[in-house]
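K.L.:
One file: data-v4.txt (compact mmCIF, C-alpha atoms and all ligand atoms).
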```txt
# COMPACT_ATOMS: atom_id res chain seq x y z
CA LEU A 236 -19.96 10.58 0.32
CA PRO A 237 -22.34 9.06 2.85
CA PRO A 238 -20.73 7.75 6.04
CA LEU A 239 -20.27 4.02 6.49
CA PRO A 240 -23.49 2.66 8.05
CA LYS A 241 -23.08 1.60 11.66
CA ASP A 242 -24.26 -1.92 10.93
CA ALA A 243 -21.97 -2.43 7.94
CA PRO A 244 -20.38 -5.87 8.14
CA ILE A 245 -16.75 -5.99 9.16
CA GLY A 246 -14.34 -8.58 7.81
CA PRO A 247 -14.83 -11.13 5.05
CA LEU A 248 -17.86 -13.32 4.67
CA GLN A 249 -17.92 -16.29 6.97
CA ASP A 250 -16.18 -19.14 5.22
CA ASP A 251 -19.27 -21.34 5.28
CA LYS A 252 -21.37 -18.65 3.69
CA PHE A 253 -19.87 -18.87 0.22
CA SER A 254 -22.16 -21.67 -0.88
CA ARG A 255 -25.11 -19.36 -0.35
CA TYR A 256 -23.79 -17.24 -3.19
CA SER A 257 -22.38 -19.95 -5.42
CA GLY A 258 -25.56 -20.00 -7.51
CA ALA A 259 -25.61 -16.25 -8.05
CA THR A 260 -25.55 -15.03 -11.63
CA MET A 261 -26.02 -11.27 -11.16
CA PHE A 262 -23.72 -8.89 -9.26
CA LYS A 263 -26.74 -7.60 -7.37
CA GLU A 264 -27.19 -11.04 -5.81
CA LEU A 265 -23.76 -10.82 -4.14
CA PRO A 266 -23.37 -9.26 -0.69
CA LEU A 267 -21.40 -6.28 -2.03
CA SER A 268 -21.37 -2.80 -0.57
CA LYS A 269 -23.80 -0.30 -2.06
CA ARG A 270 -20.82 1.74 -3.24
CA THR A 271 -19.47 -1.14 -5.26
CA GLN A 272 -22.93 -2.05 -6.56
CA ASP A 273 -23.38 1.54 -7.68
CA GLY A 274 -20.00 1.55 -9.43
CA LEU A 275 -20.86 -1.67 -11.28
CA LYS A 276 -24.31 -0.40 -12.19
CA ARG A 277 -22.96 2.85 -13.53
CA ALA A 278 -20.58 0.92 -15.78
CA ASN A 279 -23.46 -1.32 -16.92
CA PHE A 280 -22.05 -4.48 -15.37
CA SER A 281 -25.01 -6.55 -14.24
CA LYS A 282 -24.55 -10.21 -15.17
CA MET A 283 -21.40 -11.97 -14.03
CA THR A 284 -19.13 -13.82 -16.44
CA ASP A 285 -18.28 -17.45 -15.66
CA ILE A 286 -14.94 -16.73 -14.00
CA GLN A 287 -16.54 -14.02 -11.87
CA ARG A 288 -19.41 -16.32 -10.88
CA ALA A 289 -17.01 -19.13 -10.02
CA SER A 290 -14.44 -17.12 -8.08
CA LEU A 291 -16.21 -14.22 -6.32
CA PRO A 292 -18.08 -16.33 -3.73
CA HIS A 293 -14.68 -17.69 -2.66
CA SER A 294 -12.55 -14.56 -2.97
CA LEU A 295 -15.14 -12.50 -1.08
CA CYS A 296 -14.74 -14.97 1.79
CA GLY A 297 -11.06 -14.08 1.91
CA ARG A 298 -9.82 -17.23 0.22
CA ASP A 299 -6.76 -17.40 -1.99
CA ILE A 300 -7.57 -18.01 -5.65
CA LEU A 301 -5.64 -19.59 -8.50
CA GLY A 302 -7.88 -18.80 -11.43
CA ALA A 303 -7.58 -19.55 -15.13
CA ALA A 304 -9.88 -18.28 -17.85
CA LYS A 305 -9.23 -17.22 -21.39
CA THR A 306 -8.52 -13.65 -22.44
CA GLY A 307 -11.65 -11.54 -22.50
CA SER A 308 -13.47 -13.60 -19.89
CA GLY A 309 -13.61 -10.84 -17.29
CA LYS A 310 -10.79 -11.69 -14.92
CA THR A 311 -10.20 -8.05 -13.99
CA LEU A 312 -13.44 -7.60 -12.06
CA ALA A 313 -12.82 -10.98 -10.43
CA PHE A 314 -9.95 -9.44 -8.45
CA ILE A 315 -10.80 -5.72 -8.35
CA ILE A 316 -14.12 -6.36 -6.58
CA PRO A 317 -12.64 -8.48 -3.73
CA ILE A 318 -9.89 -5.92 -3.08
CA VAL A 319 -12.29 -3.00 -2.87
CA GLU A 320 -14.79 -4.96 -0.76
CA LYS A 321 -12.15 -6.22 1.65
CA LEU A 322 -10.73 -2.78 2.31
CA TYR A 323 -14.22 -1.30 2.64
CA LYS A 324 -15.37 -3.92 5.11
CA GLU A 325 -12.22 -3.49 7.16
CA ARG A 326 -12.86 0.26 7.11
CA TRP A 327 -9.46 0.82 5.56
CA GLY A 328 -8.53 4.47 5.70
CA SER A 329 -5.87 6.77 4.34
CA GLU A 330 -3.83 6.32 7.50
CA ASP A 331 -3.77 2.55 7.06
CA GLY A 332 -1.41 2.57 4.10
CA VAL A 333 -1.28 -0.01 1.36
CA GLY A 334 -4.07 -2.56 1.56
CA GLY A 335 -3.85 -4.06 -1.88
CA ILE A 336 -1.24 -4.58 -4.58
CA ILE A 337 -2.06 -5.61 -8.15
CA ILE A 338 0.86 -6.79 -10.27
CA SER A 339 0.52 -6.73 -14.04
CA PRO A 340 3.05 -7.76 -16.72
CA THR A 341 2.99 -4.58 -18.82
CA ARG A 342 2.49 -0.86 -18.34
CA GLU A 343 -0.35 -0.88 -20.80
CA LEU A 344 -2.26 -3.62 -18.98
CA ALA A 345 -1.56 -1.99 -15.63
CA GLY A 346 -3.09 1.22 -16.98
CA GLN A 347 -6.18 -0.70 -18.10
CA LEU A 348 -6.53 -2.32 -14.68
CA PHE A 349 -6.24 1.08 -13.09
CA ASP A 350 -9.14 2.31 -15.22
CA VAL A 351 -11.32 -0.60 -14.09
CA LEU A 352 -10.35 0.11 -10.49
CA LYS A 353 -11.44 3.71 -10.92
CA THR A 354 -14.75 2.55 -12.37
CA VAL A 355 -15.59 0.06 -9.64
CA GLY A 356 -14.17 2.29 -6.91
CA LYS A 357 -15.90 5.43 -8.11
CA PHE A 358 -18.16 5.72 -5.06
CA HIS A 359 -15.54 4.59 -2.56
CA ASN A 360 -12.98 6.94 -1.13
CA PHE A 361 -9.88 4.84 -1.36
CA SER A 362 -6.74 6.17 -2.94
CA ALA A 363 -4.87 4.29 -5.63
CA GLY A 364 -1.57 4.68 -7.45
CA LEU A 365 -0.26 3.44 -10.76
CA LEU A 366 3.42 2.45 -10.48
CA ILE A 367 4.68 1.58 -13.90
CA GLY A 368 8.05 3.21 -14.29
CA GLY A 369 9.09 5.72 -16.88
CA ARG A 370 7.76 8.69 -15.00
CA LYS A 371 9.81 11.21 -13.13
CA GLU A 372 7.66 13.06 -10.58
CA VAL A 373 9.50 11.44 -7.69
CA GLU A 374 9.36 14.21 -5.11
CA MET A 375 5.67 14.90 -5.50
CA GLU A 376 5.00 11.18 -5.44
CA LYS A 377 6.92 10.65 -2.23
CA GLU A 378 4.57 13.04 -0.51
CA HIS A 379 1.60 10.90 -1.41
CA VAL A 380 2.86 7.36 -1.22
CA ASN A 381 1.89 6.59 2.33
CA ALA A 382 -1.67 7.71 1.80
CA LEU A 383 -2.26 5.22 -1.01
CA ASN A 384 -4.45 2.20 -0.34
CA ILE A 385 -4.19 0.26 -3.59
CA LEU A 386 -1.16 0.00 -5.88
CA VAL A 387 -1.27 -1.16 -9.49
CA CYS A 388 2.23 -1.92 -10.75
CA THR A 389 4.60 -3.81 -12.99
CA PRO A 390 6.93 -6.32 -11.27
CA GLY A 391 10.25 -4.69 -12.12
CA ARG A 392 9.17 -1.32 -10.87
CA LEU A 393 7.77 -2.79 -7.69
CA LEU A 394 10.95 -4.66 -6.86
CA GLN A 395 13.13 -1.72 -7.80
CA HIS A 396 11.49 0.37 -5.14
CA MET A 397 11.44 -2.40 -2.59
CA ASP A 398 15.19 -2.70 -3.07
CA GLU A 399 16.14 0.94 -3.38
CA THR A 400 13.99 2.63 -0.76
CA PRO A 401 13.53 0.08 2.02
CA ASN A 402 13.61 2.53 4.91
CA PHE A 403 11.96 5.56 3.49
CA ASP A 404 9.41 6.70 6.03
CA CYS A 405 6.57 9.06 5.28
CA SER A 406 4.21 7.82 7.96
CA GLN A 407 3.55 11.34 9.15
CA LEU A 408 1.69 12.08 5.95
CA GLN A 409 -1.99 11.47 6.19
CA LYS A 410 -3.90 12.63 3.20
CA THR A 411 -7.05 11.36 1.63
CA PHE A 412 -7.44 10.91 -2.08
CA VAL A 413 -10.25 9.43 -4.02
CA VAL A 414 -9.68 6.57 -6.39
CA GLU A 415 -10.32 8.94 -9.23
CA SER A 416 -7.05 10.67 -8.49
CA CYS A 417 -4.24 9.06 -10.38
CA PHE A 418 -0.81 9.23 -8.84
CA VAL A 419 2.06 7.68 -10.70
CA LEU A 420 4.60 6.75 -8.10
CA SER A 421 8.26 6.05 -8.13
CA ASP A 422 8.51 5.18 -4.49
CA LEU A 423 7.22 2.15 -2.71
CA SER A 424 7.98 2.76 0.94
CA ALA A 425 4.31 2.15 1.67
CA LEU A 426 5.04 -1.53 1.21
CA LEU A 427 6.43 -1.46 4.69
CA ALA A 428 2.82 -1.39 5.79
CA ILE A 429 0.85 -4.61 5.95
CA GLU A 430 -0.65 -5.66 2.66
CA GLN A 431 -4.07 -7.18 2.75
CA VAL A 432 -4.52 -8.43 -0.79
CA LEU A 433 -1.93 -9.32 -3.43
CA VAL A 434 -3.07 -9.88 -7.02
CA LEU A 435 -1.02 -11.30 -9.87
CA ASP A 436 -2.82 -10.67 -13.13
CA GLU A 437 -1.76 -12.49 -16.30
CA ALA A 438 0.53 -14.55 -14.13
CA ASP A 439 1.57 -16.82 -16.98
CA ARG A 440 2.66 -13.83 -19.04
CA ILE A 441 4.57 -12.39 -16.14
CA LEU A 442 6.54 -15.62 -16.00
CA ASP A 443 6.91 -15.80 -19.77
CA VAL A 444 8.61 -12.46 -19.96
CA GLY A 445 11.17 -13.49 -17.43
CA PHE A 446 9.81 -11.97 -14.25
CA LYS A 447 9.89 -15.21 -12.30
CA LYS A 448 12.90 -14.28 -10.17
CA THR A 449 11.54 -10.80 -9.65
CA LEU A 450 8.21 -12.12 -8.48
CA ASN A 451 9.79 -14.61 -6.13
CA ALA A 452 11.82 -11.78 -4.65
CA ILE A 453 8.74 -9.60 -4.28
CA VAL A 454 6.72 -12.35 -2.64
CA ALA A 455 9.60 -13.06 -0.26
CA GLN A 456 9.51 -9.46 0.93
CA LEU A 457 5.77 -9.26 1.49
CA PRO A 458 4.10 -10.15 4.76
CA LYS A 459 2.80 -13.70 4.90
CA CYS A 460 -0.57 -12.70 6.28
CA ARG A 461 -2.53 -11.71 3.22
CA GLN A 462 -5.05 -12.84 0.66
CA THR A 463 -3.53 -13.74 -2.72
CA LEU A 464 -5.49 -13.76 -5.97
CA LEU A 465 -3.64 -15.13 -8.97
CA PHE A 466 -5.26 -15.00 -12.40
CA SER A 467 -4.04 -16.01 -15.82
CA ALA A 468 -5.28 -17.20 -19.21
CA THR A 469 -3.72 -20.62 -18.75
CA GLN A 470 -2.77 -22.76 -15.80
CA THR A 471 0.81 -23.82 -16.36
CA LYS A 472 3.23 -25.81 -14.30
CA SER A 473 5.33 -22.77 -13.52
CA ILE A 474 2.29 -20.95 -12.20
CA GLN A 475 1.75 -23.80 -9.82
CA ASP A 476 5.34 -23.35 -8.71
CA LEU A 477 4.69 -19.71 -8.06
CA ALA A 478 1.44 -20.49 -6.35
CA ARG A 479 3.21 -22.82 -4.00
CA LEU A 480 5.30 -19.88 -2.91
CA SER A 481 2.50 -17.49 -2.27
CA LEU A 482 -0.92 -19.06 -1.94
CA LYS A 483 -2.52 -20.57 1.12
CA ASP A 484 -4.75 -23.55 0.40
CA PRO A 485 -5.99 -21.85 -2.76
CA GLU A 486 -9.27 -22.44 -4.52
CA TYR A 487 -8.35 -23.72 -8.00
CA ILE A 488 -10.76 -22.33 -10.54
CA SER A 489 -10.52 -23.08 -14.23
CA VAL A 490 -13.19 -21.80 -16.56
CA HIS A 491 -13.42 -22.69 -20.22
CA GLU A 492 -16.37 -20.95 -21.74
CA ASP A 493 -17.74 -22.50 -24.93
CA ALA A 494 -14.37 -22.53 -26.63
P1 LIG B 501 -9.62 -10.75 -19.15
O1 LIG B 501 -8.76 -10.07 -18.12
O2 LIG B 501 -10.11 -12.10 -18.69
O3 LIG B 501 -8.94 -10.84 -20.48
P2 LIG B 501 -11.23 -8.39 -18.91
O4 LIG B 501 -11.36 -8.31 -17.44
O5 LIG B 501 -10.24 -7.47 -19.54
O6 LIG B 501 -10.92 -9.88 -19.38
O7 LIG B 501 -12.67 -8.17 -19.55
C1 LIG B 501 -12.89 -8.27 -20.94
C2 LIG B 501 -14.05 -7.36 -21.35
O8 LIG B 501 -15.26 -7.84 -20.79
C3 LIG B 501 -13.88 -5.94 -20.88
O9 LIG B 501 -14.28 -5.07 -21.91
C4 LIG B 501 -14.84 -5.83 -19.70
O10 LIG B 501 -15.34 -4.53 -19.56
C5 LIG B 501 -15.91 -6.80 -20.08
N1 LIG B 501 -16.60 -7.40 -18.92
C6 LIG B 501 -16.01 -7.97 -17.85
N2 LIG B 501 -16.92 -8.43 -16.99
C7 LIG B 501 -18.13 -8.14 -17.51
C8 LIG B 501 -19.49 -8.35 -17.08
N3 LIG B 501 -19.77 -8.98 -15.94
N4 LIG B 501 -20.49 -7.90 -17.88
C9 LIG B 501 -20.20 -7.28 -19.05
N5 LIG B 501 -18.96 -7.05 -19.51
C10 LIG B 501 -17.92 -7.48 -18.76
MG MG B 502 -6.87 -9.34 -18.07
```
Go ahead and render the structure in this file as structure tokens.
Ligand code: ADP
Ligand code: MG
P.N.:
Amino acid sequence: LPPLPKDAPIGPLQDDKFSRYSGATMFKELPLSKRTQDGLKRANFSKMTDIQRASLPHSLCGRDILGAAKTGSGKTLAFIIPIVEKLYKERWGSEDGVGGIIISPTRELAGQLFDVLKTVGKFHNFSAGLLIGGRKEVEMEKEHVNALNILVCTPGRLLQHMDETPNFDCSQLQKTFVVESCFVLSDLSALLAIEQVLVLDEADRILDVGFKKTLNAIVAQLPKCRQTLLFSATQTKSIQDLARLSLKDPEYISVHEDA
């Protein structure tokens, strides 16, 4: 992979710059890294969907998002792109630990998100892990956990590890893996590191299936200094409750494409 150019921007877009991109309709109009642009191009993503167009100018500035758009509207790229861009611009490396956590209600959906992450992150060299429970390769996984940059997980599994392995330390391990490598972890000690971006996908479903307490407990254990992106198909009262716990002055975005 080519080295990061010396003049690559560091940190999120200036807050007042988002309006410059609010009229963008194509991904290529956004100030994304070449690596991300190449990943999108290779997957034939060129024109943004409404939720992507409405949220990316804000989320790329580092703002918290509470987004609602119906199923199939393209919410996944609306949070995968900001995570990858944020870590890239902050020159996040294998030694920096977990920089992003994506929480999904089911194993199946988490697996799908992981596939999109691999697509968009194809030309980046971040590492990512899928933590969905039901797998047993604990010892091997422990060796890799601290080198992971992005975790995709279900709430129960996430909390289980936060509770059961709070002091596990593998900070001496410094390995680099590409996003294409898929590690299924059973250990979450890397959460002791500072998270940069927290995503709740299908937040309404997560609440529906009774994860509310779990999520509150997870959020309580995470550092306060982070960007939070919360996406769901509907904007319900209980989501607003959750948002109050975890979002800072969020941008409320609700998109209803020609229903
Ligand atoms: P949601 O999470 O809102 O239900 P997804 O993120 O799963 O929607 O996307 C639904 C489908 O639309 C997927 O097949 C995805 O590949 C596709 N898609 C998303 N964004 C775009 C885009 N900008 N251009 C073309 N297809 C897209
Ligand atoms: Mg989705």
K.L.:
For the atom pair atom O6 of ligand LIG 501 (chain B) and CA of His293 in chain A, what is the interatomic distance in Å to one decimal place?
P.N.:
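About the pair atom O6 of ligand LIG 501 (chain B) and CA of His293 in chain A: they are 18.8 Å apart.
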K.L.:
Using Å and a single decimal, report how far CA of Lys324 in chain A sits from CA of Lys269 in chain A.
P.N.:
11.6 Å
K.L.:
At what distance in Å, to one decimal, does CA of Thr389 in chain A lie from CA of Asn279 in chain A?
P.N.:
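About the pair CA of Asn279 in chain A and CA of Thr389 in chain A: they are 28.4 Å apart.
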K.L.:
Contacts of Pro340 in chain A at 9 Å or less, counting all atoms listed in the file, minus same-chain residues fewer than 4 places along, as an MDAnalysis selection string?
P.N.:
chainID A and resid 344:345 388:390 435:438 440:442 444 446
K.L.:
Could you list, as a VMD selection string, all residues that come within 9 Å of ligand MG 502 (chain B)? Count only C-alpha atoms and all ligand atoms.
P.N.:
chain A and resid 305 to 311 339 344 347 to 348 436 to 437 466 to 468
K.L.:
Would you place a box with edges along x, y and z of the file around all atoms of range 271-277 of chain A listed there, add 6 Å to each of its six sides, and report the centre and edge lengths in Å to one decimal, as lines of an AutoDock Vina configuration file?
P.N.:
```
center_x = -21.9
center_y = 0.4
center_z = -9.4
size_x = 16.8
size_y = 16.9
size_z = 20.3
```
K.L.:
Let me make sure I understand: among A:Asn360, A:Thr449, A:Ser489, A:Asn384, which one has the smallest atom-to-atom distance to ligand LIG 501 (chain B) if we use all atoms listed in the file?
P.N.:
A:Ser489
K.L.:
For each of A:Asp285, A:Glu264, A:Glu343, A:Asp299, take the minimum atom-to-atom distance to ligand LIG 501 (chain B), counting only C-alpha atoms and all ligand atoms, then give the residue where this is smallest.
P.N.:
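Ranking A:Asp285, A:Glu264, A:Glu343, A:Asp299 by distance to ligand LIG 501 (chain B), first place goes to A:Asp285.
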K.L.:
Mind checking which residues fall within 12 Å of Ser294 in chain A, counting only C-alpha atoms, ignoring those fewer than 3 positions away in the same chain, and posting them as JSON, numbers by chain?
P.N.:
{"A": [247, 248, 249, 250, 252, 253, 256, 257, 265, 286, 287, 288, 289, 290, 291, 297, 298, 299, 300, 301, 302, 312, 313, 314, 315, 316, 317, 318, 319, 320, 321, 432, 433, 434, 462, 463, 464, 465, 466, 485, 486, 487, 488]}
K.L.:
Counting only C-alpha atoms and all ligand atoms, figure out which residue out of A:Glu330, A:Asp350, A:Glu325, A:Asp484 gets nearest to ligand LIG 501 (chain B).
P.N.:
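Of all the options, A:Asp350 lies closest to ligand LIG 501 (chain B).
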K.L.:
Using only C-alpha atoms and all ligand atoms, can you tell me which of A:Met261, A:Leu275, A:Met283, A:Leu383 comes closest to ligand LIG 501 (chain B)?
P.N.:
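Ranked by minimum distance to ligand LIG 501 (chain B), first place goes to A:Met283.
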K.L.:
For a quick check of understanding, using only C-alpha atoms and all ligand atoms, which of A:Val351, A:Ala259, A:Ile338, A:Gln272 has the smallest distance to ligand LIG 501 (chain B)?
P.N.:
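With only C-alpha atoms and all ligand atoms as the atom set, the closest residue is A:Val351.
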K.L.:
Tell me which of A:Leu386, A:Val490, A:Ile336, A:Cys296 sits closest to ligand LIG 501 (chain B), counting all atoms listed in the file.
P.N.:
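Of the candidates, the smallest distance to ligand LIG 501 (chain B) is held by A:Val490.
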K.L.:
Which polymer residues, protein or nucleic acid, are no farther than 8 Å from (-10.8, 3.4, 2.2), counting all atoms listed in the file, as a PyMOL selection string?
P.N.:
chain A and resi 322-323+326-329+359-362+384
